[in-house]
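Everything below concerns the one structure shown next.
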Amino acid sequence: MTEPLKIAVAGLGTVGAGVLKLLAQQADIIEQRCGRRIEVVAVSARSRGKDRGVDLSTVEWYDDPVKLAAHPGADVVVELIGGSEGAAKETVETALEAGRHVVTANKALLAHHGTELAAKAESKGLAVAFEAAVAGGIPIIKGLREGLAGNRVSEVHGILNGTCNYILTEMRTTGRDFADVLADAQKLGYAEADPSFDIDGVDAAHKLAVLTSVAFGTPVDFGNVYVEGIRHVSALDFDYADALGYRIKLLGIARRTEQGIEQRVHPCMVPKAAPIAAVDGVFNAVIAQGDFVDRVLFVGRGAGAGPTASAVVADLIDVARGRSTPTFGVPAAQLSKAQPSPMEARRGAYYVRLMVVDRPGVIADIAAAMRDQNVSMEQFLQRGRAPGEAVPVVLTTHDTDEAAMQRALATIGAKEAVVEPPRMIRIEQF
Ligand SMILES: NC(=O)c1ccc[n+]([C@@H]2O[C@H](COP(=O)([O-])OP(=O)(O)OC[C@H]3O[C@@H](n4cnc5c(N)ncnc54)[C@H](OP(=O)(O)O)[C@@H]3O)[C@@H](O)[C@H]2O)c1
């Protein structure tokens with residue numbers, strides 16, 4: 001009889017409790033699939049008295065997750081605390097030092113320290129597995145690293161944050177403003193009390209940095225991800241996007257270009273017919289472009305106890321079967337540094353919304369600022385007239401350089417008749 005795989009779980013919140021529930025409920029199929037049982041031997045969280053809806057009577061309790069990480073009877077430490085530093089990082093480092101495999105859902109930790117952790121693990125013949133860290137229940141890490149291993153990937157893009165996708169979907173379908181929808185999302189538990197990591201794009205950027213590394217075999221380079229959140233998207237933008245044939249999504253995009261590797265997270269207008277445009281609510285999606293496979297689309301739930309536990313346990317099953325793959329698809333020592341492509345080098349079309357005082361000459365001034373930067377306008381929309389008052393004016397451009405667009409917007413924003421900072425959303429023609 002093969003020995004069970006013994007695991008120690010640090011963090012018993014949404015994901016940790018979900019993992020324990022899944023392991024208990026699916027014990028039979030897990031045993032069938034790996035030929036051995038997965039047994040929880042120890043757990044750690046802050047509050048021992050909290051009811052977590054799982055039976056902890058047979059496991060050892062640790063107040064300190066770092067001590068748990070060195071538990072002598074554990075083969076694997078599952079880190080489900082969160083955060084790029086502090087307890088989570090120390091737990092993972094201690095586990096690797098002690099010769100334990102690590103499974104984690106912690107994208108912040110991987111975005112900041114992924115390459116070093118991978119190198120440390122691989123030098124000791126250990127795994128650091130993180131399927132749950134990117135897009136929750138969607139098996140995108142295995143999909144890219146194993147399923148598409150025969151391809152050169154040129155691009156990965158996706159909806160990587162369910163909170164933002166929920167807010168944007170609600171804004172579009174109800175016509176309500178950002179602040180109003182965010183407050184509701186917080187009441188429903190779809191947004192944190194402090195939502196900034198989600199709505200300012202940081203969470204999606206953490207995930208994108210990890211995805212980029214897996215897609216291109218490069219060290220994790222979070223510092224070069226351009227990040228812009230969704231606070232400035234207004235109800236008006238949804239009206240105009242609809243009229244122009246677009247949906248608005250917060251996307252993470254990683255692309256290999258002639259300048260290097262682009263990594264960016266920002267609101268995008270995408271054609272309504274693009275498959276990603278139809279991914280609404282809390283769902284996530286990732287599209288990968290490989291040279292032999294062409295385009296592959298993954299869609300599913302990006303968060304929540306069940307979907308995230310599903311991904312964590314898939315990693316545990318790999319360890320139980322003795323299956324190992326280099327952390328980011330190629331051995332950490334062979335990850336090859338790539339030139340980051342700066343945001344100013346982005347080339348594409350733009351949507352711009354301005355609030356301008358309706359008086360003679362203003363539109364000509366805007367057109368002149370665009371022309372001076374060689375930005376060619378495609379459409380120009382001004383609905384109704386209100387002489388002497390501020391009215392919204394919307395325009396879209398043909399493909400142009402980000403740097404030229406930024407210069408044109410700076411000139412336009414400085415005009416006295418332009419009463420609010422220009423708002424710009426990049427158009428992506430997938
Ligand atoms: N929630 C999701 O849907 C989701 C999806 C994908 C990835 N993730 C990632 O999964 C990880 C966990 O997320 P979560 O939503 O489960 O978080 P959570 O509900 O806040 O749970 C965190 C757990 O860590 C424990 N903890 C916090 N600080 C600790 C410390 N210093 N020592 C010991 N235990 C400590 C907490 O203990 P107490 O319970 O006693 O407070 C709690 O059990 C994060 O990295 C997150 O980004 C989450």
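Lettering and numbering for the structure tokens are positional, with chains as A, B, ... in the shown order, residues counted from 1 in each chain, and ligands counted from 1 in the shown order.
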- Tell me which protein, DNA and RNA residues are within 7 Å of A:Cys268, counting only C-alpha atoms, leaving out same-chain ones fewer than 2 positions away, and put them as a PyMOL selection string. chain A and resi 248-251+266+270+425-428
Show me which residues line ligand 1, defined as having an atom within 6 Å of a ligand atom where only C-alpha atoms and all ligand atoms count, and present them as a compact mmCIF listing (two decimals) with N, CA and C atoms, in the first residue's frame.
# COMPACT_ATOMS: atom_id res chain seq x y z
N GLY A 11 -3.32 28.71 6.38
CA GLY A 11 -4.40 29.58 5.92
C GLY A 11 -5.66 28.77 5.72
N LEU A 12 -6.69 29.12 6.50
CA LEU A 12 -7.96 28.38 6.44
C LEU A 12 -9.12 29.33 6.15
N GLY A 13 -8.86 30.29 5.27
CA GLY A 13 -9.92 31.23 4.90
C GLY A 13 -10.77 30.64 3.77
N THR A 14 -11.20 31.50 2.86
CA THR A 14 -12.06 31.05 1.75
C THR A 14 -11.42 29.85 1.04
N VAL A 15 -10.16 30.00 0.66
CA VAL A 15 -9.53 28.94 -0.15
C VAL A 15 -9.11 27.75 0.72
N GLY A 16 -8.48 28.04 1.87
CA GLY A 16 -8.01 26.95 2.72
C GLY A 16 -9.15 26.03 3.15
N SER A 44 -2.76 25.76 9.96
CA SER A 44 -2.45 26.97 10.71
C SER A 44 -3.35 28.10 10.23
N ALA A 45 -3.80 28.92 11.17
CA ALA A 45 -4.52 30.16 10.84
C ALA A 45 -4.36 31.06 12.05
N ARG A 46 -4.95 32.27 12.00
CA ARG A 46 -4.76 33.17 13.14
C ARG A 46 -5.66 32.80 14.30
N SER A 47 -6.95 32.54 13.99
CA SER A 47 -7.89 32.37 15.08
C SER A 47 -8.32 30.91 15.22
N ASP A 64 1.51 29.43 14.44
CA ASP A 64 2.51 30.08 13.59
C ASP A 64 2.71 29.26 12.30
N PRO A 65 2.36 29.85 11.14
CA PRO A 65 2.47 29.08 9.89
C PRO A 65 3.92 28.75 9.53
N LEU A 80 -1.89 29.30 1.82
CA LEU A 80 -3.13 29.97 1.42
C LEU A 80 -3.42 31.14 2.35
N ILE A 81 -2.35 31.88 2.67
CA ILE A 81 -2.47 33.04 3.55
C ILE A 81 -2.65 34.30 2.72
N GLY A 82 -1.76 34.50 1.75
CA GLY A 82 -1.84 35.66 0.87
C GLY A 82 -0.85 36.74 1.24
N GLY A 83 -0.55 37.62 0.27
CA GLY A 83 0.37 38.73 0.47
C GLY A 83 1.76 38.40 -0.02
N ALA A 87 4.16 36.68 6.57
CA ALA A 87 3.93 35.28 6.92
C ALA A 87 3.93 34.35 5.71
N ALA A 105 -1.69 29.60 -3.79
CA ALA A 105 -2.62 30.33 -4.65
C ALA A 105 -2.24 31.80 -4.70
N ASN A 106 -1.02 32.10 -4.24
CA ASN A 106 -0.64 33.48 -3.92
C ASN A 106 0.05 34.19 -5.09
N LYS A 107 -0.76 34.90 -5.89
CA LYS A 107 -0.18 35.57 -7.07
C LYS A 107 0.72 36.73 -6.70
N ALA A 132 -3.71 27.75 -8.91
CA ALA A 132 -4.82 28.57 -8.38
C ALA A 132 -4.50 30.05 -8.37
N ALA A 133 -3.23 30.40 -8.60
CA ALA A 133 -2.85 31.81 -8.48
C ALA A 133 -3.32 32.65 -9.67
N GLY A 136 -8.04 31.53 -10.99
CA GLY A 136 -8.79 30.62 -10.10
C GLY A 136 -8.95 29.21 -10.63
N ALA A 303 -12.45 32.84 -9.18
CA ALA A 303 -12.30 32.96 -7.72
C ALA A 303 -13.40 32.15 -7.05
N GLY A 304 -13.37 32.20 -5.70
CA GLY A 304 -14.37 31.47 -4.92
C GLY A 304 -13.78 30.18 -4.38
N ALA A 305 -14.37 29.70 -3.29
CA ALA A 305 -13.82 28.55 -2.59
C ALA A 305 -13.71 27.32 -3.50
N THR A 308 -11.26 27.69 -6.74
CA THR A 308 -9.85 27.85 -6.36
C THR A 308 -9.34 26.56 -5.73
Could the residues of stretch 321-395 of chain A that have an atom at most 6 Å from stretch 208-232 of chain A be listed as JSON lines, each with its closest atom pair and the distance in Å to one decimal, counting only C-alpha atoms and ordered by chain and ascending residue number?
{"residue": "A:Phe328", "atom": "CA", "partner": "A:Val214", "partner_atom": "CA", "distance": 4.8}
{"residue": "A:Gly329", "atom": "CA", "partner": "A:Val214", "partner_atom": "CA", "distance": 5.8}
{"residue": "A:Leu335", "atom": "CA", "partner": "A:Thr218", "partner_atom": "CA", "distance": 4.8}
{"residue": "A:Ser336", "atom": "CA", "partner": "A:Thr218", "partner_atom": "CA", "distance": 4.9}
{"residue": "A:Lys337", "atom": "CA", "partner": "A:Thr218", "partner_atom": "CA", "distance": 5.4}
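Residues of stretch 51-249 of chain A assigned to strand (DSSP E) by DSSP on this structure's backbone: Glu60, Trp61, Tyr62, Val76, Val77, Val78, Glu79, His101, Val102, Val103, Thr104, Val128, Ala129, Val153, Ser154, Glu155, Val156, His157, Gly158, Ile159, Tyr226, Val227, Tyr246, Arg247, Ile248 and Lys249 of chain A.
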- Message: From a backbone DSSP assignment, name each residue in stretch 34-237 of chain A labelled alpha helix (DSSP H), as a ChimeraX atom specification.
- Response: /A:34,65-69,86-97,107-123,140-142,162-174,178-187,196-199,202-216,235-237
- Message: What's the separation between atom CA of A:Gln259 and atom CA of A:Arg346, in Å to one decimal place?
- Response: 9.6 Å
- Given only C-alpha atoms as the counted atoms, nearest of A:Asp203, A:Leu236, A:Leu109, A:Ile159 to A:Arg172: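 Once distances to A:Arg172 are computed over only C-alpha atoms, the minimum belongs to A:Leu236.
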- Message: So that I can check the surroundings of stretch 30-33 of chain A, please list as a list in words every protein, DNA and RNA residue that reaches within 8 Å of it, counting only C-alpha atoms and ignoring chain neighbours fewer than 5 positions away.
- Response: Leu23, Ile38 and Ile317 of chain A
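Between A:Asn151 and the residues A:Leu68, A:Met171, A:Val296, A:Ala183, the shortest atom-to-atom distance, using only C-alpha atoms, involves A:Val296.
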